[in-house]
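Asker: Input file: run.cif. Contents: mmCIF, C-alpha atoms.
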```cif
data_target
loop_
_atom_site.label_atom_id
_atom_site.label_comp_id
_atom_site.auth_asym_id
_atom_site.auth_seq_id
_atom_site.Cartn_x
_atom_site.Cartn_y
_atom_site.Cartn_z
CA MET A 256 197.23 45.22 -54.48
CA THR A 257 199.94 47.77 -55.24
CA LYS A 258 201.21 50.39 -52.84
CA ASP A 259 199.42 53.21 -54.69
CA CYS A 260 196.03 51.49 -54.71
CA HIS A 261 193.21 52.46 -52.42
CA GLU A 262 192.51 50.35 -49.39
CA GLY A 263 189.55 50.05 -47.03
CA ALA A 264 187.52 53.27 -46.83
CA GLY A 265 189.40 55.05 -49.60
CA ARG A 266 192.63 55.59 -47.65
CA LYS A 267 195.56 55.97 -50.05
CA ILE A 268 198.67 53.99 -49.24
CA ARG A 269 201.80 56.06 -49.72
CA ARG A 270 204.34 54.66 -52.17
CA VAL A 271 207.87 54.42 -50.85
CA PRO A 272 211.16 53.37 -52.43
CA GLY A 273 212.01 49.70 -52.59
CA TYR A 274 214.86 50.54 -50.22
CA LEU A 275 215.29 53.77 -48.28
CA ALA A 276 218.28 54.52 -46.07
CA ILE A 277 218.74 57.74 -44.12
CA ILE A 278 222.01 58.50 -42.36
CA ALA A 279 222.59 61.79 -40.57
CA GLY A 280 225.00 63.33 -38.08
CA LYS A 281 227.69 65.94 -37.50
CA ASP A 282 230.70 63.69 -38.08
CA GLU A 283 231.29 63.74 -41.85
CA TYR A 284 233.45 60.61 -41.88
CA LEU A 285 230.99 58.39 -40.00
CA VAL A 286 227.99 59.59 -42.01
CA ASP A 287 229.79 59.08 -45.31
CA GLN A 288 231.08 55.65 -44.25
CA ASP A 289 227.59 54.42 -43.40
CA GLY A 290 226.16 56.04 -46.51
CA ARG A 291 228.64 54.18 -48.71
CA ALA A 292 227.87 50.89 -46.94
CA CYS A 293 224.13 51.36 -47.55
CA PHE A 294 224.79 52.33 -51.19
CA GLU A 295 226.79 49.14 -51.78
CA LYS A 296 224.13 47.08 -49.99
CA ALA A 297 221.39 48.55 -52.19
CA LYS A 298 223.36 48.00 -55.41
CA GLN A 299 223.97 44.37 -54.52
CA ALA A 300 220.27 43.82 -53.75
CA ALA A 301 219.20 45.56 -56.97
CA GLY A 302 221.27 43.26 -59.14
CA ALA A 303 224.01 43.61 -61.73
CA ASP A 304 221.72 45.39 -64.22
CA ALA A 305 220.81 48.18 -61.81
CA GLU A 306 221.63 51.79 -62.65
CA ALA A 307 223.54 53.48 -59.83
CA GLU A 308 223.99 57.23 -59.43
CA VAL A 309 225.57 59.49 -56.82
CA ILE A 310 224.14 63.02 -56.55
CA SER A 311 225.89 65.70 -54.53
CA GLY A 312 223.33 67.02 -52.04
CA GLN A 313 225.49 69.93 -50.98
CA ILE A 314 224.33 73.46 -51.69
CA ILE A 315 226.53 76.56 -51.41
CA LYS A 316 223.97 79.22 -52.34
CA VAL A 317 220.24 79.31 -51.69
CA GLU A 318 219.68 79.15 -55.47
CA ASP A 319 221.45 75.78 -55.55
CA ALA A 320 218.55 74.18 -53.67
CA LEU A 321 216.18 74.48 -56.62
CA THR A 322 218.81 73.06 -58.98
CA LEU A 323 219.29 70.10 -56.66
CA GLU A 324 215.52 69.60 -56.40
CA VAL A 325 215.18 69.42 -60.20
CA GLN A 326 218.19 67.10 -60.61
CA PHE A 327 217.06 64.71 -57.89
CA THR A 328 213.44 64.64 -59.11
CA GLU A 329 214.46 63.84 -62.67
CA SER A 330 216.81 61.10 -61.51
CA VAL A 331 214.18 59.41 -59.32
CA LYS A 332 211.46 59.56 -61.95
CA THR A 333 213.60 58.44 -64.90
CA LEU A 334 212.96 54.70 -64.92
CA SER A 335 214.53 52.20 -67.29
CA MET A 336 212.49 51.05 -70.30
CA PHE A 337 213.81 47.53 -69.69
CA GLY A 338 212.67 47.27 -66.09
CA SER A 339 216.06 47.43 -64.39
CA LYS A 340 216.22 49.01 -60.97
CA ARG A 341 217.81 52.31 -59.95
CA VAL A 342 219.94 53.10 -56.89
CA ILE A 343 220.41 56.78 -56.04
CA TRP A 344 222.69 58.12 -53.31
CA LEU A 345 221.97 61.72 -52.30
CA ARG A 346 225.34 62.36 -50.68
CA ASN A 347 226.48 65.17 -48.32
CA PHE A 348 222.92 66.47 -48.11
CA ASN A 349 223.11 69.77 -46.21
CA LEU A 350 219.59 71.15 -46.57
CA VAL A 351 218.93 69.96 -43.00
CA SER A 352 221.92 71.75 -41.48
CA ASP A 353 221.98 74.82 -39.23
CA SER A 354 223.40 77.05 -41.99
CA THR A 355 221.98 80.35 -43.19
CA GLN A 356 221.26 78.77 -46.58
CA ALA A 357 219.30 75.90 -45.02
CA LYS A 358 217.15 78.34 -43.04
CA SER A 359 215.99 80.14 -46.18
CA GLU A 360 212.32 79.72 -47.07
CA LYS A 361 213.25 78.82 -50.65
CA THR A 362 215.57 76.08 -49.38
CA LYS A 363 212.86 74.75 -47.07
CA GLU A 364 210.47 74.58 -50.02
CA SER A 365 213.00 72.58 -52.04
CA LEU A 366 213.65 70.31 -49.04
CA ALA A 367 209.93 69.57 -48.72
CA ALA A 368 209.71 68.88 -52.46
CA ILE A 369 212.70 66.53 -52.39
CA LEU A 370 211.32 64.53 -49.47
CA LYS A 371 207.92 64.35 -51.18
CA VAL A 372 209.64 62.82 -54.21
CA VAL A 373 211.34 60.32 -51.90
CA VAL A 374 208.13 58.99 -50.33
CA GLU A 375 206.30 58.90 -53.67
CA SER A 376 209.06 57.18 -55.65
CA ASP A 377 208.62 53.91 -57.52
CA PRO A 378 209.44 50.66 -55.63
CA ALA A 379 212.02 49.94 -58.35
CA VAL A 380 214.06 52.85 -56.98
CA SER A 381 216.38 52.62 -53.96
CA ILE A 382 217.36 55.88 -52.27
CA ILE A 383 220.16 56.60 -49.81
CA ILE A 384 220.34 60.01 -48.15
CA SER A 385 223.46 60.86 -46.13
CA ALA A 386 223.02 64.22 -44.41
CA ASN A 387 225.95 66.17 -43.02
CA PRO A 388 226.18 68.49 -41.22
CA TYR A 389 222.88 67.77 -39.52
CA ASP A 390 220.85 70.01 -37.24
CA GLY A 391 219.32 67.71 -34.65
CA ARG A 392 216.43 70.14 -34.16
CA SER A 393 215.22 69.47 -37.70
CA LYS A 394 212.47 66.84 -37.87
CA ALA A 395 212.39 66.59 -41.67
CA LEU A 396 214.37 63.35 -41.86
CA VAL A 397 213.08 61.95 -38.57
CA ASN A 398 209.57 62.10 -40.03
CA LEU A 399 210.68 59.51 -42.62
CA LYS A 400 211.94 57.05 -40.03
CA ALA A 401 208.84 54.84 -40.29
CA ASP A 402 209.33 54.53 -44.05
CA ALA A 403 213.09 53.91 -43.94
CA THR A 404 214.62 50.47 -44.25
CA ASP A 405 217.75 51.73 -42.51
CA PHE A 406 217.71 54.84 -40.32
CA ILE A 407 221.02 55.80 -38.68
CA LEU A 408 221.27 58.97 -36.61
CA HIS A 409 224.74 59.55 -35.17
CA ALA A 410 224.75 61.26 -31.81
CA ALA A 411 226.76 64.46 -31.56
CA PRO A 412 230.29 63.88 -30.21
CA SER A 413 230.71 64.47 -26.52
CA LYS A 414 232.14 67.85 -25.57
CA SER A 415 234.23 66.24 -22.85
CA PRO A 416 236.28 63.14 -23.71
CA PHE A 417 235.16 59.87 -22.12
CA ASP A 418 231.73 60.97 -20.96
CA LYS A 419 229.68 57.96 -19.93
CA GLY A 420 227.76 56.46 -22.81
CA ASP A 421 229.81 58.26 -25.48
CA ALA A 422 229.24 55.74 -28.29
CA GLN A 423 231.11 57.86 -30.82
CA ALA A 424 234.29 57.93 -28.70
CA ASP A 425 234.12 54.15 -28.17
CA GLY A 426 233.75 53.61 -31.91
CA GLN A 427 236.62 55.98 -32.69
CA VAL A 428 238.93 54.14 -30.29
CA ALA A 429 238.20 50.88 -32.13
CA LEU A 430 238.79 52.52 -35.51
CA ALA A 431 242.10 54.00 -34.33
CA ALA A 432 243.31 50.63 -33.05
CA GLU A 433 242.38 49.02 -36.38
CA ARG A 434 244.16 51.74 -38.34
CA PHE A 435 247.40 51.32 -36.35
CA LYS A 436 247.25 47.56 -36.88
CA ALA A 437 246.74 48.03 -40.62
CA LEU A 438 249.69 50.44 -40.73
CA GLY A 439 251.98 47.89 -39.09
CA VAL A 440 252.86 49.74 -35.90
CA LYS A 441 252.37 48.89 -32.23
CA VAL A 442 250.93 51.27 -29.65
CA GLU A 443 251.35 51.66 -25.92
CA ARG A 444 248.31 50.99 -23.79
CA GLY A 445 245.81 53.83 -23.97
CA VAL A 446 247.24 55.58 -27.04
CA PRO A 447 244.02 55.34 -29.13
CA GLU A 448 242.01 56.77 -26.23
CA VAL A 449 244.43 59.69 -25.82
CA ILE A 450 244.14 60.51 -29.53
CA VAL A 451 240.35 60.46 -29.30
CA GLY A 452 240.52 62.67 -26.23
CA ARG A 453 242.42 65.30 -28.19
CA VAL A 454 240.68 65.27 -31.59
CA GLY A 455 237.58 63.15 -30.99
CA GLN A 456 235.20 65.76 -32.41
CA SER A 457 236.21 64.47 -35.87
CA THR A 458 236.71 60.81 -36.82
CA ARG A 459 238.57 61.83 -39.98
CA LEU A 460 241.05 63.78 -37.83
CA VAL A 461 241.45 60.81 -35.47
CA LEU A 462 242.43 58.52 -38.34
CA GLY A 463 244.62 61.19 -39.94
CA GLU A 464 246.56 61.62 -36.70
CA CYS A 465 246.97 57.83 -36.48
CA GLU A 466 248.66 57.86 -39.88
CA LYS A 467 250.90 60.75 -38.86
CA LEU A 468 251.97 58.97 -35.67
CA ALA A 469 252.58 55.72 -37.55
CA THR A 470 254.86 57.55 -39.96
CA TYR A 471 256.71 59.09 -37.01
CA ALA A 472 257.18 55.69 -35.31
CA GLY A 473 258.22 53.96 -38.55
CA PRO A 474 257.43 50.40 -39.73
CA GLY A 475 257.37 48.02 -36.78
CA GLY A 476 257.81 50.89 -34.33
CA THR A 477 255.76 51.72 -31.24
CA VAL A 478 253.67 54.85 -30.75
CA LYS A 479 253.97 56.14 -27.19
CA GLU A 480 251.60 58.38 -25.27
CA ALA A 481 254.28 61.07 -25.12
CA ASP A 482 254.36 61.02 -28.94
CA VAL A 483 250.65 61.81 -29.03
CA HIS A 484 251.06 64.81 -26.74
CA LEU A 485 254.04 66.02 -28.74
CA LEU A 486 252.55 65.67 -32.22
CA VAL A 487 248.75 65.80 -31.96
CA PRO A 488 247.17 69.22 -31.45
CA THR A 489 244.05 69.63 -29.35
CA PHE A 490 240.98 70.04 -31.56
CA GLY A 491 237.56 71.48 -30.78
CA GLU A 492 236.53 70.89 -27.17
CA GLY A 493 239.49 68.66 -26.32
CA ASP A 494 240.94 69.76 -22.99
CA PHE A 495 243.85 67.43 -22.37
CA PHE A 496 247.08 69.18 -21.40
CA GLU A 497 250.44 67.56 -21.98
CA PRO A 498 252.02 68.89 -18.73
CA ILE A 499 249.36 67.06 -16.71
CA GLU A 500 250.26 63.78 -18.38
CA ALA A 501 253.96 64.41 -17.76
CA LEU A 502 253.24 65.14 -14.10
CA ALA A 503 251.12 62.00 -13.86
CA ALA A 504 253.99 59.97 -15.38
CA ARG A 505 256.36 61.54 -12.84
CA ASP A 506 258.76 62.39 -15.67
CA LEU A 507 260.87 65.48 -14.92
CA LYS A 508 262.40 65.88 -18.39
CA TRP A 509 259.07 65.50 -20.14
CA GLY A 510 257.43 67.80 -17.60
CA MET A 511 259.85 70.67 -18.19
CA GLU A 512 259.71 70.28 -21.98
CA SER A 513 255.91 70.16 -21.92
CA LEU A 514 255.81 73.41 -19.95
CA ASP A 515 258.08 75.00 -22.58
CA ARG A 516 255.53 74.08 -25.22
CA TYR A 517 252.55 75.14 -23.11
CA PHE A 518 253.86 78.60 -22.26
CA PHE A 519 255.09 79.12 -25.81
CA ASN A 520 251.41 79.18 -26.82
CA GLU A 521 249.71 80.36 -23.61
CA ASP A 522 250.24 83.32 -21.30
CA SER A 523 247.94 82.19 -18.52
CA SER A 524 248.43 79.13 -16.35
CA ARG A 525 244.81 79.13 -15.20
CA PRO A 526 243.36 76.66 -17.75
CA LEU A 527 246.19 74.24 -16.98
CA LEU A 528 245.77 74.65 -13.23
CA SER A 529 242.00 74.12 -13.40
CA ALA A 530 242.45 70.89 -15.37
CA LEU A 531 245.21 69.75 -13.00
CA GLN A 532 243.04 70.37 -9.94
CA ASN A 533 240.27 68.27 -11.48
CA ARG A 534 242.74 65.45 -12.11
CA LEU A 535 244.15 65.70 -8.58
CA ARG A 536 240.68 65.48 -7.01
CA LEU A 537 240.20 62.14 -8.74
CA LEU A 538 243.70 60.95 -7.86
CA ILE A 539 243.21 61.76 -4.18
CA GLN A 540 240.02 59.68 -4.14
CA ILE A 541 241.75 56.78 -5.92
CA ARG A 542 244.73 56.93 -3.57
CA CYS A 543 242.43 56.88 -0.53
CA LEU A 544 240.60 53.83 -1.86
CA ALA A 545 243.92 52.17 -2.65
CA ASP A 546 245.23 52.86 0.87
CA SER A 547 242.03 51.39 2.34
CA GLY A 548 242.46 48.22 0.26
CA ASP A 549 239.52 48.80 -2.10
CA PHE A 550 241.77 49.34 -5.13
CA ARG A 551 244.90 47.52 -6.26
CA VAL A 552 246.54 50.26 -8.25
CA SER A 553 249.70 49.87 -10.34
CA ASP A 554 251.55 51.66 -13.15
CA ALA A 555 249.09 49.96 -15.50
CA GLY A 556 246.10 51.38 -13.63
CA LEU A 557 243.24 49.39 -12.12
CA PRO A 558 242.54 45.73 -12.95
CA LYS A 559 239.56 45.18 -15.22
CA GLY A 560 236.24 45.31 -13.39
CA GLN A 561 237.66 46.72 -10.17
CA PHE A 562 236.27 50.21 -10.74
CA GLU A 563 232.78 48.86 -11.39
CA ALA A 564 232.93 46.64 -8.29
CA ALA A 565 234.02 49.55 -6.09
CA SER A 566 231.33 51.74 -7.61
CA GLY A 567 228.70 49.28 -6.44
CA ARG A 568 230.09 49.38 -2.89
CA HIS A 569 230.90 53.08 -2.53
CA GLY A 570 228.98 54.88 -5.28
CA PRO A 571 226.03 55.92 -3.06
CA THR A 572 228.43 57.37 -0.48
CA PHE A 573 229.89 59.72 -3.08
CA GLY A 574 226.49 61.27 -3.80
CA SER A 575 225.05 62.48 -7.10
CA ALA A 576 225.81 60.63 -10.32
CA ALA A 577 226.20 63.96 -12.16
CA LYS A 578 229.65 64.08 -13.72
CA SER A 579 232.07 65.90 -11.43
CA SER A 580 235.70 65.56 -10.40
CA ALA A 581 234.39 65.55 -6.83
CA ASN A 582 232.71 62.20 -7.53
CA LEU A 583 235.12 59.53 -8.77
CA PHE A 584 232.31 57.15 -9.68
CA SER A 585 230.63 59.62 -12.02
CA GLN A 586 233.56 59.26 -14.45
CA HIS A 587 234.00 56.94 -17.42
CA PRO A 588 235.39 53.57 -16.19
CA TRP A 589 238.10 53.42 -18.85
CA TYR A 590 239.22 56.97 -18.11
CA VAL A 591 239.61 56.30 -14.39
CA SER A 592 241.07 52.80 -14.68
CA ASN A 593 243.56 53.40 -17.47
CA LYS A 594 244.16 57.13 -17.70
CA VAL A 595 243.98 58.52 -14.18
CA ALA A 596 244.73 55.61 -11.85
CA PRO A 597 248.36 54.88 -12.91
CA ALA A 598 249.51 58.16 -11.34
CA ALA A 599 248.03 57.08 -8.00
CA ALA A 600 250.67 54.31 -7.93
CA ARG A 601 253.44 56.90 -8.35
CA TYR A 602 252.37 59.38 -5.67
CA THR A 603 251.54 59.08 -2.00
CA LEU A 604 248.41 60.67 -0.59
CA ALA A 605 250.53 63.33 1.11
CA GLU A 606 252.19 64.24 -2.20
CA LEU A 607 248.86 64.54 -3.97
CA VAL A 608 247.47 66.79 -1.25
CA ASP A 609 250.63 68.92 -1.43
CA LEU A 610 250.14 69.28 -5.18
CA GLN A 611 246.52 70.33 -4.73
CA LEU A 612 247.59 73.00 -2.24
CA ALA A 613 250.39 74.09 -4.59
CA CYS A 614 247.82 74.65 -7.34
CA ALA A 615 246.03 77.14 -5.10
CA ASP A 616 249.34 78.95 -4.52
CA CYS A 617 249.90 79.06 -8.29
CA PHE A 618 246.49 80.68 -8.78
CA ASP A 619 247.55 83.39 -6.33
CA ALA A 620 250.85 83.80 -8.20
CA SER A 621 248.90 84.17 -11.45
CA ASN A 622 247.21 87.23 -9.99
CA ARG A 623 250.71 88.72 -9.62
CA GLY A 624 251.66 87.82 -13.21
CA GLU A 625 253.97 84.99 -12.11
CA ASP A 626 252.21 82.25 -14.06
CA GLU A 627 255.13 80.43 -15.66
CA SER A 628 257.64 80.67 -12.81
CA SER A 629 255.16 79.45 -10.19
CA VAL A 630 254.05 76.44 -12.24
CA ARG A 631 257.64 75.51 -13.07
CA GLY A 632 258.48 75.65 -9.38
CA MET A 633 255.55 73.39 -8.53
CA PHE A 634 256.61 70.85 -11.17
CA LEU A 635 260.22 70.85 -10.00
CA ARG A 636 259.24 70.28 -6.37
CA ALA A 637 256.87 67.47 -7.32
CA LEU A 638 259.08 65.70 -9.86
CA ALA A 639 262.62 66.23 -8.59
CA VAL A 640 262.04 65.02 -5.02
CA LYS A 641 260.02 61.98 -3.98
CA ARG A 642 258.43 62.47 -0.58
CA SER A 643 257.76 59.54 1.70
CA ALA A 644 254.27 59.01 3.09
#
```
Would you mind writing the file's structure down as structure tokens?

Answerer:
Amino acid sequence: MTKDCHEGAGRKIRRVPGYLAIIAGKDEYLVDQDGRACFEKAKQAAGADAEAEVISGQIIKVEDALTLEVQFTESVKTLSMFGSKRVIWLRNFNLVSDSTQAKSEKTKESLAAILKVVVESDPAVSIIISANPYDGRSKALVNLKADATDFILHAAPSKSPFDKGDAQADGQVALAAERFKALGVKVERGVPEVIVGRVGQSTRLVLGECEKLATYAGPGGTVKEADVHLLVPTFGEGDFFEPIEALAARDLKWGMESLDRYFFNEDSSRPLLSALQNRLRLLIQIRCLADSGDFRVSDAGLPKGQFEAASGRHGPTFGSAAKSSANLFSQHPWYVSNKVAPAAARYTLAELVDLQLACADCFDASNRGEDESSVRGMFLRALAVKRSA
């Protein structure tokens, strides 16, 4: 019995493509990468005689939607006289985005018509739809999940780097490490994570910055964290500030140069001070746990697994699991162990408390218009003189 025959009490079975893959998300690189992989998979399964076609699913004007509908429909329904299979990739499909064009009633009509063609296509046809940008509120593609052979929905990138469960950031870190290896350069510990923290809203940007840094380091060279802060601009919601990293490294020269760059672009010290206070809250907690013997902290950070072990012992004491700088154990384990913790080995608890109090003084100085001078003074006092416990 074929898929379009009647079954049981006259219920019609809906015909679906021989292979249907739907990939959607906001990150253009990841969506296109998975779309291409599914396209190649479908071509291989269809055989050497298969006819393969890529159709641009991107519309610029509302009127383009009808043109796309006609083109896609003709392609799906034009079957070979000799029985060979067809593989069609509807690429960069943006009729399910949050754009003004996608919200048009005419576009919605074309979208419904296109998806109707998809579910009624001949089994000899394989269809891949890669949708980007994608509005997660749209259910048009989700409704096809039961019919799809492969259904991949990329979660939106986290607004704050290293949120717990941020699968996209984890994947981007792995891609960055692979790209550096392919380019023949070495990287200091944590460099891929720092890059993702700055431009992680876009995988294509992450990989582009890797290539830029590799060119800067030269063949066989080493990319350092300071290089990332010097050369990679913050993108989207990235909120890492170079002066904070220089302060954490206890590097006076880098600290002063980073402040030159910060105040060249910014008039107010308040965003920097807010981020620094958040970092210091975590550092104070780490330093306390290190002084009590719960952490063994070094310039390399925390040994693997130590954060998780301490979380099991002390997590309930710290209260809510909601992410907050007031709760060390609500943070991403990698971020705490590798990014924050090394500074706790370079500062005593008294120094960290002094810095936290100095931030409050700098906020007061900002009210008097003394943003740059007050922050420079704080950095000089912290970096030029090492205080004993």

Asker: For Val478 (chain A), which of A:Gly452, A:Gly445, A:Gly510, A:Pro388 is the closest residue, counting all atoms listed in the file?

Answerer: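 Counting all atoms listed in the file, the residue closest to Val478 (chain A) is A:Gly445.
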
Asker: List as a list in words the protein and nucleic acid residues near region 292-296 of chain A, meaning an atom at most 8 Å away when only C-alpha atoms are counted, but skip any in the same chain fewer than 4 places from it.

Answerer: Ala276, Gln288, Ala300, Val342, Ile343, Trp344 and Ile383 of chain A

Asker: Given only C-alpha atoms as the basis, pick out the residue of A:Arg636, A:Arg434, A:His484, A:Lys358 nearest to Glu466 (chain A).

Answerer: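 Result for the nearest residue to Glu466 (chain A): A:Arg434.
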
Asker: To verify the selection step, state as a PyMOL selection string which residues the PyMOL selection byres ((chain A and resi 317) around 12) yields on this input.

Answerer: chain A and resi 313-316+318-324+349-350+354-366

Asker: What does the structure give for the distance between CA of Gln586 (chain A) and CA of Cys617 (chain A), in Å to one decimal?

Answerer: 26.4 Å

Asker: Please evaluate the PyMOL selection byres ((chain A and resi 597) around 7) against the structure above and give the resulting residues as a list of chain:residue names.

Answerer: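 For this structure, the PyMOL selection byres ((chain A and resi 597) around 7) captures A:Val552, A:Ser553, A:Asp554, A:Ala555, A:Gly556, A:Asn593, A:Lys594, A:Val595, A:Ala596, A:Ala598, A:Ala599, A:Ala600.
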